[in-house]
Amino acid sequence: MSEEFEAVDGGLKILRYPNPILKEESKTVEIFDDELSDFISKLFAAMRASDGVGLAAPQVGVLKKIAVVEYDQKSYVLINPEVIESDGEQLGEEGCLSFPGIYANVKRPNHVKIKAQDETGNINILEAEGYTARAFLHEMDHLNGKVFIDYLSNLKKSAIRKKLMKNTGGHF
Ligand code: NI
């Protein structure tokens with residue numbers, strides 16, 4: 001793997017909030033090669049190893065518009081994803097591999113249509129509702145430097161920040 005795909009600390013280590021990388025915007029993927037496929041396999045492996053439903057490249061320190069989701073025995077690869085349609089509303093609990101032990105209710109559209117590329121560069125239209133739609137939108141937020149607690153009040157956010165710093169001994 002070239003440096004471009006090399007994650008922080010040399011492996012696919014999942015970064016924890018408040019790591020500043022989680023606030024950065026990812027770049028569009030332009031090259032669809034074996035290296036990209038390898039990286040995607042590793043993302044799936046890291047997600048499964050942590051019992052996650054989704055994982056986005058910036059969570060392992062790679063600022064590229066790549067995310068994977070696995071739910072209800074279906075796997076999805078989202079490269080350069082864009083929402084092209086969304087409607088309805090759902091309120092449900094979310095967690096995130098970058099926020100161990102933290103869960104919060106987030107309001108999201110209930111149905112989304114997403115345009116995304118797969119690892120070969122093909123453009124697919126993915127339609128999802130309910131929990132799958134929620135997972136897609138959560139992962140896509142990561143690609144834009146947004147995390148789920150950004151939907152919460154400042155008071156709740158600072159309580160979560162305090163709790164996580166206590167757990168990890170973080171200083172930022
Ligand atoms: Ni997340």
# chains A, B, ... in the order shown; residues from 1 in each chain; ligands from 1
$ residues_near_ligand --ligand "ligand 1" --cutoff "8 Å" --atoms "only C-alpha atoms and all ligand atoms" --output "ChimeraX atom specification"
/A:54-56,59,95-99,138-139,142,147-148
$ write_last_selection --atoms "all heavy atoms" --output "compact mmCIF listing (two decimals), in the first residue's frame"
# COMPACT_ATOMS: atom_id res chain seq x y z
N GLY A 54 -21.13 0.36 9.87
CA GLY A 54 -20.53 1.16 8.81
C GLY A 54 -19.20 1.73 9.26
O GLY A 54 -18.92 1.80 10.46
N LEU A 55 -18.38 2.08 8.27
CA LEU A 55 -17.10 2.71 8.58
C LEU A 55 -16.70 3.58 7.39
O LEU A 55 -16.84 3.16 6.24
CB LEU A 55 -16.03 1.63 8.85
CG LEU A 55 -14.66 2.11 9.35
CD1 LEU A 55 -14.76 2.86 10.68
CD2 LEU A 55 -13.70 0.92 9.50
N ALA A 56 -16.22 4.76 7.69
CA ALA A 56 -15.83 5.69 6.63
C ALA A 56 -14.31 5.88 6.67
O ALA A 56 -13.69 5.84 7.74
CB ALA A 56 -16.53 7.03 6.84
N GLN A 59 -12.34 7.84 9.23
CA GLN A 59 -12.25 7.25 10.58
C GLN A 59 -11.00 6.42 10.78
O GLN A 59 -10.66 6.07 11.90
CB GLN A 59 -13.48 6.38 10.86
CG GLN A 59 -14.76 7.17 11.04
CD GLN A 59 -15.93 6.25 11.33
OE1 GLN A 59 -16.52 5.70 10.42
NE2 GLN A 59 -16.25 6.06 12.60
N GLY A 95 -24.87 5.15 17.08
CA GLY A 95 -23.57 5.10 17.73
C GLY A 95 -22.54 5.23 16.63
O GLY A 95 -22.90 5.38 15.46
N CYS A 96 -21.27 5.18 16.98
CA CYS A 96 -20.24 5.37 15.98
C CYS A 96 -18.96 4.74 16.51
O CYS A 96 -18.66 4.87 17.71
CB CYS A 96 -20.03 6.87 15.76
SG CYS A 96 -18.74 7.26 14.58
N LEU A 97 -18.20 4.07 15.66
CA LEU A 97 -16.97 3.41 16.11
C LEU A 97 -15.93 4.42 16.62
O LEU A 97 -15.03 4.06 17.36
CB LEU A 97 -16.38 2.54 15.01
CG LEU A 97 -17.25 1.33 14.61
CD1 LEU A 97 -16.61 0.56 13.46
CD2 LEU A 97 -17.50 0.41 15.79
N SER A 98 -16.11 5.70 16.25
CA SER A 98 -15.20 6.73 16.75
C SER A 98 -15.66 7.32 18.10
O SER A 98 -15.00 8.19 18.65
CB SER A 98 -15.06 7.86 15.73
OG SER A 98 -14.46 7.37 14.55
N PHE A 99 -16.82 6.83 18.57
CA PHE A 99 -17.39 7.29 19.86
C PHE A 99 -17.77 6.10 20.71
O PHE A 99 -18.97 5.85 20.95
CB PHE A 99 -18.66 8.12 19.62
CG PHE A 99 -18.46 9.43 18.92
CD1 PHE A 99 -18.20 9.49 17.56
CD2 PHE A 99 -18.55 10.62 19.63
CE1 PHE A 99 -18.03 10.71 16.91
CE2 PHE A 99 -18.38 11.84 18.99
CZ PHE A 99 -18.12 11.89 17.64
N HIS A 138 -25.21 8.61 7.92
CA HIS A 138 -24.20 8.75 8.98
C HIS A 138 -22.79 8.65 8.37
O HIS A 138 -21.92 9.48 8.67
CB HIS A 138 -24.43 7.66 10.03
CG HIS A 138 -23.40 7.60 11.12
ND1 HIS A 138 -23.69 7.89 12.44
CD2 HIS A 138 -22.08 7.30 11.09
CE1 HIS A 138 -22.58 7.77 13.16
NE2 HIS A 138 -21.59 7.39 12.38
N GLU A 139 -22.57 7.64 7.52
CA GLU A 139 -21.24 7.47 6.92
C GLU A 139 -20.91 8.61 5.97
O GLU A 139 -19.77 9.08 5.91
CB GLU A 139 -21.14 6.12 6.19
CG GLU A 139 -21.32 4.89 7.07
CD GLU A 139 -20.52 4.92 8.36
OE1 GLU A 139 -19.40 5.45 8.36
OE2 GLU A 139 -21.04 4.43 9.38
N HIS A 142 -19.51 11.59 7.68
CA HIS A 142 -18.08 11.48 7.99
C HIS A 142 -17.22 12.02 6.84
O HIS A 142 -16.16 12.60 7.07
CB HIS A 142 -17.68 10.02 8.22
CG HIS A 142 -17.98 9.51 9.60
ND1 HIS A 142 -17.44 10.07 10.74
CD2 HIS A 142 -18.74 8.46 10.03
CE1 HIS A 142 -17.86 9.39 11.80
NE2 HIS A 142 -18.66 8.41 11.40
N VAL A 147 -19.95 14.65 12.32
CA VAL A 147 -20.20 13.46 13.15
C VAL A 147 -21.58 13.56 13.78
O VAL A 147 -22.16 14.65 13.84
CB VAL A 147 -19.10 13.27 14.24
CG1 VAL A 147 -17.79 12.88 13.59
CG2 VAL A 147 -18.95 14.52 15.09
N PHE A 148 -22.11 12.42 14.24
CA PHE A 148 -23.53 12.39 14.66
C PHE A 148 -23.83 13.30 15.84
O PHE A 148 -24.94 13.81 15.96
CB PHE A 148 -24.02 10.96 14.89
CG PHE A 148 -23.56 10.30 16.17
CD1 PHE A 148 -24.47 9.91 17.14
CD2 PHE A 148 -22.22 10.02 16.39
CE1 PHE A 148 -24.07 9.28 18.30
CE2 PHE A 148 -21.80 9.40 17.56
CZ PHE A 148 -22.71 9.03 18.51
$ closest_atom_pairs --of "region 44-108 of chain A" --to "region 29-34 of chain A" --cutoff "7 Å" --atoms "only C-alpha atoms" --output "tab-separated table"
residue	atom	partner	partner_atom	distance
A:Lys64	CA	A:Val29	CA	6.2
A:Lys65	CA	A:Val29	CA	6.1
A:Asn80	CA	A:Val29	CA	6.5
$ write_last_selection --atoms "N, CA and C atoms" --output "PDB file, in the first residue's frame"
ATOM      1  N   LYS A  64     -10.506  10.331   2.093  1.00  0.00           N
ATOM      2  CA  LYS A  64     -11.054  10.075   0.758  1.00  0.00           C
ATOM      3  C   LYS A  64     -12.519   9.705   0.894  1.00  0.00           C
ATOM      4  N   LYS A  65     -13.286  10.047  -0.124  1.00  0.00           N
ATOM      5  CA  LYS A  65     -14.742   9.802  -0.063  1.00  0.00           C
ATOM      6  C   LYS A  65     -15.057   8.331  -0.311  1.00  0.00           C
ATOM      7  N   ASN A  80     -17.517   8.355  -3.426  1.00  0.00           N
ATOM      8  CA  ASN A  80     -18.007   9.661  -3.902  1.00  0.00           C
ATOM      9  C   ASN A  80     -19.538   9.746  -3.846  1.00  0.00           C
TER      10      ASN A  80
END
$ select_by_dssp --residues "region 10-139 of chain A" --states "alpha helix (DSSP H)" --output "JSON, numbers by chain"
{"A": [34, 35, 36, 37, 38, 39, 40, 41, 42, 43, 44, 45, 46, 47, 48, 49, 130, 131, 132, 133, 134, 135, 136, 137, 138, 139]}
$ select_by_dssp --residues "region 16-154 of chain A" --states "strand (DSSP E or B)" --output "number ranges by chain"
A: 27, 54-56, 64, 66-71, 74-87, 90-94, 104-108, 111-117, 123-129
$ closest_residue --among "A:Val53, A:Ile149, A:Gly92, A:Asn154" --to "Ala135 (chain A)" --atoms "only C-alpha atoms"
A:Val53
$ residues_around --residues "region 36-41 of chain A" --least-positions-apart "2" --cutoff "12 Å" --atoms "only C-alpha atoms" --output "mmCIF file with C-alpha atoms, in the first residue's frame"
data_model
loop_
_atom_site.group_PDB
_atom_site.id
_atom_site.type_symbol
_atom_site.label_atom_id
_atom_site.label_comp_id
_atom_site.auth_asym_id
_atom_site.auth_seq_id
_atom_site.Cartn_x
_atom_site.Cartn_y
_atom_site.Cartn_z
ATOM 1 C CA MET A 1 0.000 0.000 0.000
ATOM 2 C CA SER A 2 1.288 3.438 -0.869
ATOM 3 C CA GLU A 3 1.437 6.225 1.632
ATOM 4 C CA GLU A 4 -1.727 7.674 0.171
ATOM 5 C CA PHE A 5 -3.784 4.870 1.665
ATOM 6 C CA GLU A 6 -1.679 4.277 4.702
ATOM 7 C CA ALA A 7 -3.695 5.009 7.747
ATOM 8 C CA GLY A 11 -2.697 0.098 10.047
ATOM 9 C CA LEU A 12 -6.417 0.533 10.024
ATOM 10 C CA VAL A 29 -11.714 9.348 -5.391
ATOM 11 C CA GLU A 30 -10.461 9.510 -8.973
ATOM 12 C CA ILE A 31 -8.412 6.340 -9.383
ATOM 13 C CA PHE A 32 -10.126 2.973 -9.222
ATOM 14 C CA ASP A 33 -7.377 0.396 -8.958
ATOM 15 C CA ASP A 34 -6.313 -2.662 -6.951
ATOM 16 C CA LEU A 43 -12.259 -1.156 5.787
ATOM 17 C CA PHE A 44 -14.804 -3.989 5.822
ATOM 18 C CA ALA A 45 -12.469 -6.086 7.963
ATOM 19 C CA ALA A 46 -11.922 -3.275 10.478
ATOM 20 C CA MET A 47 -15.667 -2.587 10.614
ATOM 21 C CA ARG A 48 -16.520 -6.258 11.211
ATOM 22 C CA GLY A 54 -20.528 1.158 8.813
ATOM 23 C CA LEU A 55 -17.097 2.708 8.582
ATOM 24 C CA ALA A 56 -15.826 5.691 6.633
ATOM 25 C CA ALA A 57 -12.263 6.191 5.377
ATOM 26 C CA VAL A 60 -9.040 5.390 9.799
ATOM 27 C CA VAL A 62 -7.693 8.363 5.095
ATOM 28 C CA LYS A 64 -11.054 10.075 0.758
ATOM 29 C CA LYS A 65 -14.742 9.802 -0.063
ATOM 30 C CA ILE A 66 -15.034 6.087 0.682
ATOM 31 C CA ALA A 67 -17.385 4.358 3.120
ATOM 32 C CA VAL A 68 -18.676 0.847 3.689
ATOM 33 C CA VAL A 69 -21.944 -0.263 5.244
ATOM 34 C CA SER A 75 -22.802 -5.007 1.996
ATOM 35 C CA TYR A 76 -22.527 -1.614 0.371
ATOM 36 C CA VAL A 77 -19.525 0.311 -0.943
ATOM 37 C CA LEU A 78 -20.066 4.054 -1.216
ATOM 38 C CA ILE A 79 -17.450 5.956 -3.183
ATOM 39 C CA ASP A 118 -18.363 1.166 -6.558
ATOM 40 C CA GLU A 119 -14.758 -0.026 -6.378
ATOM 41 C CA THR A 120 -14.609 -0.393 -10.167
ATOM 42 C CA GLY A 121 -15.845 3.157 -10.716
#
$ closest_residue --among "A:Pro100, A:Pro109, A:Gly52, A:Gly145" --to "Leu22 (chain A)" --atoms "only C-alpha atoms"
A:Gly145
$ closest_residue --among "A:Lys115, A:Lys156, A:Lys163, A:Arg16" --to "Met140 (chain A)" --atoms "only C-alpha atoms"
A:Lys115
$ atom_distance --atom1 "CA of Ile14 (chain A)" --atom2 "CA of Glu94 (chain A)"
17.3 Å
$ closest_residue --among "A:Lys157, A:Lys42, A:Lys146, A:Lys74" --to "Glu24 (chain A)" --atoms "only C-alpha atoms"
A:Lys146
$ atom_distance --atom1 "CA of Lys27 (chain A)" --atom2 "CA of Pro58 (chain A)"
10.0 Å
$ atom_distance --atom1 "CA of Glu85 (chain A)" --atom2 "CA of Val112 (chain A)"
5.6 Å
$ residues_around --residues "Glu89 (chain A)" --least-positions-apart "2" --cutoff "12 Å" --atoms "only C-alpha atoms" --output "mmCIF file with N, CA and C atoms, in the first residue's frame"
data_model
loop_
_atom_site.group_PDB
_atom_site.id
_atom_site.type_symbol
_atom_site.label_atom_id
_atom_site.label_comp_id
_atom_site.auth_asym_id
_atom_site.auth_seq_id
_atom_site.Cartn_x
_atom_site.Cartn_y
_atom_site.Cartn_z
ATOM 1 N N SER A 86 -34.249 12.754 -0.993
ATOM 2 C CA SER A 86 -34.499 12.278 0.367
ATOM 3 C C SER A 86 -35.862 12.776 0.803
ATOM 4 N N ASP A 87 -36.558 11.952 1.560
ATOM 5 C CA ASP A 87 -37.842 12.385 2.096
ATOM 6 C C ASP A 87 -38.190 11.615 3.362
ATOM 7 N N LEU A 91 -36.596 9.129 13.675
ATOM 8 C CA LEU A 91 -35.779 9.447 14.840
ATOM 9 C C LEU A 91 -35.298 8.118 15.396
ATOM 10 N N GLY A 92 -33.997 7.965 15.541
ATOM 11 C CA GLY A 92 -33.500 6.693 16.042
ATOM 12 C C GLY A 92 -32.122 6.839 16.647
ATOM 13 N N VAL A 106 -30.920 10.643 16.776
ATOM 14 C CA VAL A 106 -30.685 11.608 15.704
ATOM 15 C C VAL A 106 -31.854 11.533 14.719
ATOM 16 N N LYS A 107 -32.296 12.705 14.286
ATOM 17 C CA LYS A 107 -33.369 12.782 13.306
ATOM 18 C C LYS A 107 -32.750 12.755 11.908
ATOM 19 N N ARG A 108 -33.277 11.895 11.051
ATOM 20 C CA ARG A 108 -32.762 11.757 9.669
ATOM 21 C C ARG A 108 -33.941 11.573 8.721
ATOM 22 N N PRO A 109 -33.720 11.804 7.439
ATOM 23 C CA PRO A 109 -34.763 11.423 6.473
ATOM 24 C C PRO A 109 -34.980 9.912 6.529
ATOM 25 N N ASN A 110 -36.185 9.477 6.244
ATOM 26 C CA ASN A 110 -36.474 8.042 6.331
ATOM 27 C C ASN A 110 -36.132 7.300 5.045
ATOM 28 N N HIS A 111 -36.085 8.048 3.942
ATOM 29 C CA HIS A 111 -35.842 7.415 2.646
ATOM 30 C C HIS A 111 -34.833 8.251 1.868
ATOM 31 N N VAL A 112 -33.847 7.596 1.294
ATOM 32 C CA VAL A 112 -32.864 8.325 0.489
ATOM 33 C C VAL A 112 -32.554 7.586 -0.809
ATOM 34 N N GLU A 129 -34.161 2.819 2.930
ATOM 35 C CA GLU A 129 -35.013 3.468 3.924
ATOM 36 C C GLU A 129 -34.721 2.916 5.311
ATOM 37 N N GLY A 130 -35.301 3.597 6.303
ATOM 38 C CA GLY A 130 -35.137 3.149 7.679
ATOM 39 C C GLY A 130 -33.679 3.115 8.099
ATOM 40 N N TYR A 131 -33.309 2.023 8.735
ATOM 41 C CA TYR A 131 -31.976 1.942 9.337
ATOM 42 C C TYR A 131 -30.843 2.008 8.304
ATOM 43 N N ALA A 133 -30.916 3.620 5.439
ATOM 44 C CA ALA A 133 -30.815 5.033 5.041
ATOM 45 C C ALA A 133 -30.031 5.809 6.105
ATOM 46 N N ARG A 134 -30.341 5.528 7.354
ATOM 47 C CA ARG A 134 -29.651 6.169 8.475
ATOM 48 C C ARG A 134 -28.150 5.868 8.420
#
$ closest_residue --among "A:Ile114, A:Leu63, A:Ala128, A:Ile84" --to "Lys23 (chain A)" --atoms "only C-alpha atoms"
A:Leu63
$ decode --residues "region 115-141 of chain A" --atoms "N, CA and C atoms" --output "PDB file, in the first residue's frame"
ATOM      1  N   LYS A 115     -26.474   8.455  -5.171  1.00  0.00           N
ATOM      2  CA  LYS A 115     -25.660   8.117  -6.338  1.00  0.00           C
ATOM      3  C   LYS A 115     -24.250   7.889  -5.818  1.00  0.00           C
ATOM      4  N   ALA A 116     -23.693   6.728  -6.085  1.00  0.00           N
ATOM      5  CA  ALA A 116     -22.336   6.437  -5.591  1.00  0.00           C
ATOM      6  C   ALA A 116     -21.616   5.547  -6.579  1.00  0.00           C
ATOM      7  N   GLN A 117     -20.301   5.584  -6.532  1.00  0.00           N
ATOM      8  CA  GLN A 117     -19.508   4.687  -7.366  1.00  0.00           C
ATOM      9  C   GLN A 117     -19.107   3.463  -6.547  1.00  0.00           C
ATOM     10  N   ASP A 118     -18.882   2.356  -7.246  1.00  0.00           N
ATOM     11  CA  ASP A 118     -18.363   1.166  -6.558  1.00  0.00           C
ATOM     12  C   ASP A 118     -16.855   1.097  -6.777  1.00  0.00           C
ATOM     13  N   GLU A 119     -16.225   0.001  -6.314  1.00  0.00           N
ATOM     14  CA  GLU A 119     -14.758  -0.026  -6.378  1.00  0.00           C
ATOM     15  C   GLU A 119     -14.204  -0.110  -7.795  1.00  0.00           C
ATOM     16  N   THR A 120     -15.091  -0.398  -8.786  1.00  0.00           N
ATOM     17  CA  THR A 120     -14.609  -0.393 -10.167  1.00  0.00           C
ATOM     18  C   THR A 120     -14.883   0.943 -10.856  1.00  0.00           C
ATOM     19  N   GLY A 121     -15.555   1.847 -10.144  1.00  0.00           N
ATOM     20  CA  GLY A 121     -15.845   3.157 -10.716  1.00  0.00           C
ATOM     21  C   GLY A 121     -17.235   3.256 -11.315  1.00  0.00           C
ATOM     22  N   ASN A 122     -17.953   2.141 -11.380  1.00  0.00           N
ATOM     23  CA  ASN A 122     -19.330   2.181 -11.895  1.00  0.00           C
ATOM     24  C   ASN A 122     -20.213   3.029 -11.001  1.00  0.00           C
ATOM     25  N   ILE A 123     -21.101   3.774 -11.643  1.00  0.00           N
ATOM     26  CA  ILE A 123     -22.044   4.598 -10.875  1.00  0.00           C
ATOM     27  C   ILE A 123     -23.316   3.799 -10.619  1.00  0.00           C
ATOM     28  N   ASN A 124     -23.708   3.725  -9.363  1.00  0.00           N
ATOM     29  CA  ASN A 124     -24.929   3.016  -8.985  1.00  0.00           C
ATOM     30  C   ASN A 124     -25.881   3.971  -8.287  1.00  0.00           C
ATOM     31  N   ILE A 125     -27.159   3.707  -8.439  1.00  0.00           N
ATOM     32  CA  ILE A 125     -28.163   4.437  -7.672  1.00  0.00           C
ATOM     33  C   ILE A 125     -28.645   3.487  -6.579  1.00  0.00           C
ATOM     34  N   LEU A 126     -28.457   3.881  -5.336  1.00  0.00           N
ATOM     35  CA  LEU A 126     -28.855   3.046  -4.202  1.00  0.00           C
ATOM     36  C   LEU A 126     -30.043   3.693  -3.516  1.00  0.00           C
ATOM     37  N   GLU A 127     -31.064   2.910  -3.294  1.00  0.00           N
ATOM     38  CA  GLU A 127     -32.230   3.433  -2.605  1.00  0.00           C
ATOM     39  C   GLU A 127     -32.325   2.727  -1.267  1.00  0.00           C
ATOM     40  N   ALA A 128     -32.573   3.484  -0.219  1.00  0.00           N
ATOM     41  CA  ALA A 128     -32.630   2.857   1.109  1.00  0.00           C
ATOM     42  C   ALA A 128     -33.632   3.569   1.985  1.00  0.00           C
ATOM     43  N   GLU A 129     -34.161   2.819   2.930  1.00  0.00           N
ATOM     44  CA  GLU A 129     -35.013   3.468   3.924  1.00  0.00           C
ATOM     45  C   GLU A 129     -34.721   2.916   5.311  1.00  0.00           C
ATOM     46  N   GLY A 130     -35.301   3.597   6.303  1.00  0.00           N
ATOM     47  CA  GLY A 130     -35.137   3.149   7.679  1.00  0.00           C
ATOM     48  C   GLY A 130     -33.679   3.115   8.099  1.00  0.00           C
ATOM     49  N   TYR A 131     -33.309   2.023   8.735  1.00  0.00           N
ATOM     50  CA  TYR A 131     -31.976   1.942   9.337  1.00  0.00           C
ATOM     51  C   TYR A 131     -30.843   2.008   8.304  1.00  0.00           C
ATOM     52  N   THR A 132     -31.072   1.407   7.136  1.00  0.00           N
ATOM     53  CA  THR A 132     -30.034   1.450   6.091  1.00  0.00           C
ATOM     54  C   THR A 132     -29.819   2.887   5.610  1.00  0.00           C
ATOM     55  N   ALA A 133     -30.916   3.620   5.439  1.00  0.00           N
ATOM     56  CA  ALA A 133     -30.815   5.033   5.041  1.00  0.00           C
ATOM     57  C   ALA A 133     -30.031   5.809   6.105  1.00  0.00           C
ATOM     58  N   ARG A 134     -30.341   5.528   7.354  1.00  0.00           N
ATOM     59  CA  ARG A 134     -29.651   6.169   8.475  1.00  0.00           C
ATOM     60  C   ARG A 134     -28.150   5.868   8.420  1.00  0.00           C
ATOM     61  N   ALA A 135     -27.809   4.614   8.178  1.00  0.00           N
ATOM     62  CA  ALA A 135     -26.390   4.225   8.125  1.00  0.00           C
ATOM     63  C   ALA A 135     -25.679   4.928   6.965  1.00  0.00           C
ATOM     64  N   PHE A 136     -26.311   4.968   5.799  1.00  0.00           N
ATOM     65  CA  PHE A 136     -25.698   5.655   4.648  1.00  0.00           C
ATOM     66  C   PHE A 136     -25.431   7.111   4.997  1.00  0.00           C
ATOM     67  N   LEU A 137     -26.432   7.786   5.566  1.00  0.00           N
ATOM     68  CA  LEU A 137     -26.306   9.216   5.843  1.00  0.00           C
ATOM     69  C   LEU A 137     -25.260   9.485   6.921  1.00  0.00           C
ATOM     70  N   HIS A 138     -25.205   8.614   7.921  1.00  0.00           N
ATOM     71  CA  HIS A 138     -24.200   8.748   8.983  1.00  0.00           C
ATOM     72  C   HIS A 138     -22.790   8.654   8.373  1.00  0.00           C
ATOM     73  N   GLU A 139     -22.570   7.644   7.524  1.00  0.00           N
ATOM     74  CA  GLU A 139     -21.239   7.468   6.920  1.00  0.00           C
ATOM     75  C   GLU A 139     -20.907   8.609   5.965  1.00  0.00           C
ATOM     76  N   MET A 140     -21.908   9.076   5.222  1.00  0.00           N
ATOM     77  CA  MET A 140     -21.665  10.177   4.288  1.00  0.00           C
ATOM     78  C   MET A 140     -21.313  11.459   5.036  1.00  0.00           C
ATOM     79  N   ASP A 141     -21.902  11.659   6.199  1.00  0.00           N
ATOM     80  CA  ASP A 141     -21.527  12.811   7.027  1.00  0.00           C
ATOM     81  C   ASP A 141     -20.032  12.778   7.348  1.00  0.00           C
TER      82      ASP A 141
END
